[in-house]
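Peer 1: One structure coming up, written as structure tokens, with questions to follow.
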Amino acid sequence: MKTAETPFGFVAASYLTRINNQQASSLDELRAGLDQASDASIFYHTFQSLGRHHFLVESFSNDFAQWVMAALNRPILAEWLGGLDVRDYVSLEDLRGDLRRLAAEYCDAHPAEAGVTAFEPFYFCESVEVAVPLGWEAHTLEEFRGSLAHLSHSSFYYHFIASRLRLQLRTNDFSQWLSGSLGADDLARRVNRIDIYTNTLDSAREEIVSLIDREAQRQ
Amino acid sequence: MIALGPALDRYVPLLGNEVEELRALARPLTGAEVLMVNSTAVGGGVAELLSRVVPLMQELNLRAEWEVFAGGKEFFEVTKAFHNALHGGAFHGGPAAFEVFRSCSERNLARLQLDREFVVIHDPQPVASIDGRRAESGHWVWRCHIDLSNPNPEVWEFLQPWVVRYDAAIFSSPSFARQLPCPQYLFYPSIDPLADKNRTLEPSFVRSVLERHGVDPGRKLLVQISRFDRLKDPVGVVRAYKIVRRYFDCQLVLAGGTADDDPEGAEVLEETREAAAGDPDIHLLQLPSDSPLEINALQTAATIVIQKSLREGFGLTVAEALWKKKPVVASAAGGIPTQVVHKHTGLLAHSVEGTAYQIRYLLAHPELAARLGAQGHEHVREGFLITCNVKRYLSLFLHLRGRR
């Protein structure tokens, strides 16, 4: 079995939620809020929201879409916002731009709805990431599989989802290591293609383990 | 003060490697001195929380301690008045009350040794402890467990000069927070899955509790656990149940504390009795204040758990029900929508009719009810367990240490 040039170092990750002094009570205010919110706030309500609700696979994608549906009952805009796939973005600025564009298009098309007060305000928060070494390292695919199977949800989320943005790449920690340090390019690509919206974190992890098993058999 | 609580290893069967991750997060904090300060040693949610969090921190090799702010009857009357005023009520205490607060705080400052790397002050009672901070020493955090969204201005203006001197503040919900110059963090209240109120019970015990109260274990059961208080709308629950009864055979249990020392509670209980109008399938139970196993049994036996509050703090009875994988129908009040993500971890309603409709829908679709319950359980596991609380504290300590 091939040994990696650099071992994969797993981390223990945790995400604190910081409450910002900013809220929106209508679509107009949401549109303005999307302009003013920090990058960390956009991250929290999109990427981080996926991690917080990792066990849901039906119609939950980000906090903005959920709020527009639950607090304003605007299913069209909720679907538009929910249709954004964070994997398509390499910068939060682009993601913010699309969120804002969709909110603006809807408000322009439905001006009477833009000022309607929501059942409850949207509170802008942001995420503070804290990560420390877990003390687990993998030098081979077998060791990697063994540790992956026992990783907690937040550590799996850190490596598989949050990493896309942290690294400013269209990939994740696992695929980057599989390709860069083990030379398993095809496996890396397959891992990166796993749909994080229709999987739970557990089922995504199972899929990675199953892809690794198939790769091991092939070798 | 030494607190006793469950050992970390006992959580492994429930949480798996989350426990290993807690140990990893705690490793850089080995030997760190932590002091928690509140105003009661027993009774109340904060004391219950600290009696579990502090031992877990100690087991993770932090030098965690818990001190209690000493205050006499006069001080607690003042802080009770503050508490009500901070929730938006009137305040009639005047300068004399403020003087009682100041002098009691000074006496405690003379008594307590507060010099630690991390000092966490819980709620308004000991907020003036920050007067005992040496210049630039340690990291001071104010943990506010109450809703500060609409405080009485006189009381808030009195307390605010202390609050703004902390390095960070913690609130239970974004809607409870205020605009402050220091960073504010979100820590959800939590339940302990190993506590009597939440641990798995023997079916025979659950059955015996139902039978003792005359509830038929073989029929569908709707349950609301809350004191007989108008803000919990027990009469509204009875009205919703009566609508549901037109379509489904079911029973209703409304269980709360005894109303002996609470005149308004007795009044509300009487109103609820009148609304029930002798229906033998409506059971109004007055349980002694410390009945965790009975409450657990009723939640465990429920087909659907209801929390139809008109106003709510955080509403941890919802997390208790979700942890037991129960489908929940609840009002969108206070911290409830944080726990009940509509159509994902339960169903929200805004009226008696809406509550009845959501209950009917779940009774007609047991597969959906089971899925909401299972997803609710995961939601609680991710955010509302005592171990999540410890993890947030560890993360905050690491973050504060990194900032300096």
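We name chains A, B, ... following the order of the structure tokens; residues begin at 1 in each chain, and ligands are numbered from 1 as shown.
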Using only C-alpha atoms and a cut-off of 9 Å, which residues of chain A sit close to chain B? Please list them as number ranges by chain.
Peer 2: A: 11-22, 52-56, 58, 60, 66, 70, 119-121, 123-125, 128-135, 150-155
Peer 1: Okay, now the selection with C-alpha atoms, as a PDB file, in the first residue's frame?
Peer 2:
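And here's out_13.pdb as it stands now:
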```
ATOM      1  CA  VAL A  11      -8.237  18.159  13.662  1.00  0.00           C
ATOM      2  CA  ALA A  12     -10.825  18.631  16.382  1.00  0.00           C
ATOM      3  CA  ALA A  13     -12.935  21.569  15.253  1.00  0.00           C
ATOM      4  CA  SER A  14     -15.522  23.669  16.969  1.00  0.00           C
ATOM      5  CA  TYR A  15     -17.559  26.641  15.823  1.00  0.00           C
ATOM      6  CA  LEU A  16     -18.580  29.441  18.152  1.00  0.00           C
ATOM      7  CA  THR A  17     -21.499  31.599  17.112  1.00  0.00           C
ATOM      8  CA  ARG A  18     -20.991  35.313  17.519  1.00  0.00           C
ATOM      9  CA  ILE A  19     -24.145  37.449  17.580  1.00  0.00           C
ATOM     10  CA  ASN A  20     -23.769  40.579  15.484  1.00  0.00           C
ATOM     11  CA  ASN A  21     -25.507  43.850  16.215  1.00  0.00           C
ATOM     12  CA  GLN A  22     -27.515  43.527  13.006  1.00  0.00           C
ATOM     13  CA  ARG A  52     -25.548  22.616  11.894  1.00  0.00           C
ATOM     14  CA  HIS A  53     -28.335  20.810  10.073  1.00  0.00           C
ATOM     15  CA  HIS A  54     -26.205  18.020   8.655  1.00  0.00           C
ATOM     16  CA  PHE A  55     -28.846  15.381   9.405  1.00  0.00           C
ATOM     17  CA  LEU A  56     -31.442  17.021   7.129  1.00  0.00           C
ATOM     18  CA  GLU A  58     -34.836  17.722   2.433  1.00  0.00           C
ATOM     19  CA  PHE A  60     -32.762  22.843   3.856  1.00  0.00           C
ATOM     20  CA  GLN A  66     -35.239  28.934   5.743  1.00  0.00           C
ATOM     21  CA  ALA A  70     -40.651  30.149   7.773  1.00  0.00           C
ATOM     22  CA  PHE A 119     -43.040  36.787  12.024  1.00  0.00           C
ATOM     23  CA  GLU A 120     -39.606  37.041  13.652  1.00  0.00           C
ATOM     24  CA  PRO A 121     -36.462  38.996  12.707  1.00  0.00           C
ATOM     25  CA  TYR A 123     -30.463  37.863  13.319  1.00  0.00           C
ATOM     26  CA  PHE A 124     -27.117  38.084  11.583  1.00  0.00           C
ATOM     27  CA  CYS A 125     -24.529  35.967  13.331  1.00  0.00           C
ATOM     28  CA  VAL A 128     -15.647  31.710  14.878  1.00  0.00           C
ATOM     29  CA  GLU A 129     -13.704  28.587  14.014  1.00  0.00           C
ATOM     30  CA  VAL A 130     -11.544  26.941  16.670  1.00  0.00           C
ATOM     31  CA  ALA A 131      -9.417  23.989  15.577  1.00  0.00           C
ATOM     32  CA  VAL A 132      -6.730  22.009  17.383  1.00  0.00           C
ATOM     33  CA  PRO A 133      -4.847  18.864  16.307  1.00  0.00           C
ATOM     34  CA  LEU A 134      -6.785  15.742  17.169  1.00  0.00           C
ATOM     35  CA  GLY A 135      -3.569  13.777  17.381  1.00  0.00           C
ATOM     36  CA  HIS A 150     -14.415   7.518  13.665  1.00  0.00           C
ATOM     37  CA  LEU A 151     -14.312  11.256  13.052  1.00  0.00           C
ATOM     38  CA  SER A 152     -16.891  13.432  14.826  1.00  0.00           C
ATOM     39  CA  HIS A 153     -19.413  15.414  12.791  1.00  0.00           C
ATOM     40  CA  SER A 154     -17.774  18.775  13.392  1.00  0.00           C
ATOM     41  CA  SER A 155     -14.310  17.507  12.428  1.00  0.00           C
TER      42      SER A 155
END
```
Peer 1: What lies within 12 Å of Ser331 (chain B) using only C-alpha atoms, ignoring chain neighbours under 4 positions off, as JSON, numbers by chain?
Peer 2: {"A": [119], "B": [231, 232, 233, 236, 237, 305, 306, 307, 308, 309, 310, 311, 312, 314, 315, 318, 335, 336, 337, 338, 339, 340, 341, 342, 346, 347, 348, 349, 350, 351, 352, 353, 354, 355, 356, 358]}
Peer 1: Give me every alpha helix (DSSP H) residue in region 21-204 of chain A, going by DSSP on the backbone, as a VMD selection string.
Peer 2: chain A and resid 27 to 36 39 to 43 49 to 52 63 to 70 75 to 82 92 to 109 111 to 114 141 to 148 153 to 157 163 to 166 173 to 180 185 to 193 201 to 204
Peer 1: Nearest to Leu72 (chain A): which of A:Leu148, A:Ala114, A:Leu201, A:Met1 is it, counting only C-alpha atoms?
Peer 2: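 Using only C-alpha atoms, Leu72 (chain A) sits closest to A:Ala114.
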Peer 1: Would you mind telling me which residue in A:Ala138, A:Ile208, A:Ile42, A:Leu182 lies nearest to Phe160 (chain A) when using only C-alpha atoms?
Peer 2: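 Looking at the shortest contact to Phe160 (chain A), the residue is A:Ile208.
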Peer 1: Would you list the contacts of Gln160 (chain B) as a list in words, taking every protein, DNA or RNA residue within 10 Å and counting only C-alpha atoms, but skipping same-chain residues closer than 4 positions in sequence?
Peer 2: Pro124, Val127, Pro153, Val155, Trp156, Val164, Arg165 and Leu180 of chain B
Peer 1: Keeping only N, CA and C atoms, write the selected residues as a short mmCIF file (atom, residue, chain, number, x, y, z; two decimals), in the first residue's frame.
Peer 2:
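The resulting selection-v9.cif:
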```
data_model
loop_
_atom_site.label_atom_id
_atom_site.label_comp_id
_atom_site.auth_asym_id
_atom_site.auth_seq_id
_atom_site.Cartn_x
_atom_site.Cartn_y
_atom_site.Cartn_z
N PRO B 124 -27.31 38.72 36.33
CA PRO B 124 -27.05 40.07 36.85
C PRO B 124 -26.61 40.11 38.31
N VAL B 127 -22.93 40.62 38.79
CA VAL B 127 -22.30 41.31 37.65
C VAL B 127 -21.22 42.31 38.10
N PRO B 153 -35.56 50.45 31.48
CA PRO B 153 -34.38 51.30 31.26
C PRO B 153 -33.67 51.69 32.55
N VAL B 155 -33.27 50.03 35.38
CA VAL B 155 -32.44 48.94 35.90
C VAL B 155 -31.28 48.66 34.94
N TRP B 156 -31.58 48.67 33.64
CA TRP B 156 -30.52 48.40 32.68
C TRP B 156 -29.43 49.48 32.75
N VAL B 164 -20.55 46.46 30.32
CA VAL B 164 -19.71 46.86 29.18
C VAL B 164 -18.21 46.68 29.46
N ARG B 165 -17.85 46.40 30.70
CA ARG B 165 -16.42 46.22 31.00
C ARG B 165 -15.95 44.78 30.79
N LEU B 180 -24.01 45.70 22.47
CA LEU B 180 -22.96 45.93 23.47
C LEU B 180 -21.64 46.16 22.77
#
```
Peer 1: Quick one: residues within 12 Å of Ala32 (chain A), only C-alpha atoms, excluding same-chain residues fewer than 5 positions away - as a ChimeraX atom specification?
Peer 2: /A:22-27,37,96-97,99-101,103-104,107,114,124
Peer 1: Just give me the gap between CA of Gly88 (chain B) and CA of Leu109 (chain B) in Å, one decimal is fine.
Peer 2: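 Computed distance, CA of Gly88 (chain B) to CA of Leu109 (chain B), equals 28.8 Å.
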Peer 1: Any idea what's packed within 9 Å of Pro193 (chain B), counting only C-alpha atoms, ignoring anything in its chain fewer than 6 positions away? Could you give it as a compact mmCIF listing (two decimals) with N, CA and C atoms, in the first residue's frame?
Peer 2:
```
# COMPACT_ATOMS: atom_id res chain seq x y z
N TYR B 11 -20.67 9.36 28.73
CA TYR B 11 -21.33 9.95 27.56
C TYR B 11 -20.93 9.26 26.27
N LEU B 14 -23.44 7.48 24.06
CA LEU B 14 -24.42 8.37 23.42
C LEU B 14 -23.78 9.24 22.36
N ARG B 199 -32.79 10.31 30.91
CA ARG B 199 -32.22 8.99 30.61
C ARG B 199 -33.33 8.02 30.17
N THR B 200 -32.91 6.96 29.48
CA THR B 200 -33.87 5.98 28.99
C THR B 200 -34.47 5.21 30.17
N GLU B 320 -35.99 18.43 25.76
CA GLU B 320 -36.17 17.15 26.46
C GLU B 320 -37.02 16.20 25.62
N TRP B 323 -35.12 15.06 22.46
CA TRP B 323 -34.08 14.06 22.79
C TRP B 323 -34.71 12.66 22.88
N LEU B 385 -27.00 19.62 24.20
CA LEU B 385 -26.59 18.73 25.29
C LEU B 385 -25.54 19.42 26.15
N ILE B 386 -25.42 18.94 27.36
CA ILE B 386 -24.47 19.53 28.31
C ILE B 386 -23.03 19.48 27.76
```
Peer 1: To test your reading of the structure, identify every residue in region 2-217 of chain A that backbone DSSP assigns to strand (DSSP E), and report it as an NGL selection string.
Peer 2: :A and (8-24 or 122-138)
Peer 1: With a distance cut-off of 10 Å and only C-alpha atoms, select the neighbouring residues of Glu74 (chain B), excluding the residue or stretch itself and same-chain residues fewer than 5 positions from it, and output the selection as a PyMOL selection string.
Peer 2: chain B and resi 79-80+97+100-101+104
Peer 1: Please measure the separation of CA of Glu137 (chain A) and CA of Phe8 (chain A), giving the value in Å to one decimal.
Peer 2: 5.4 Å
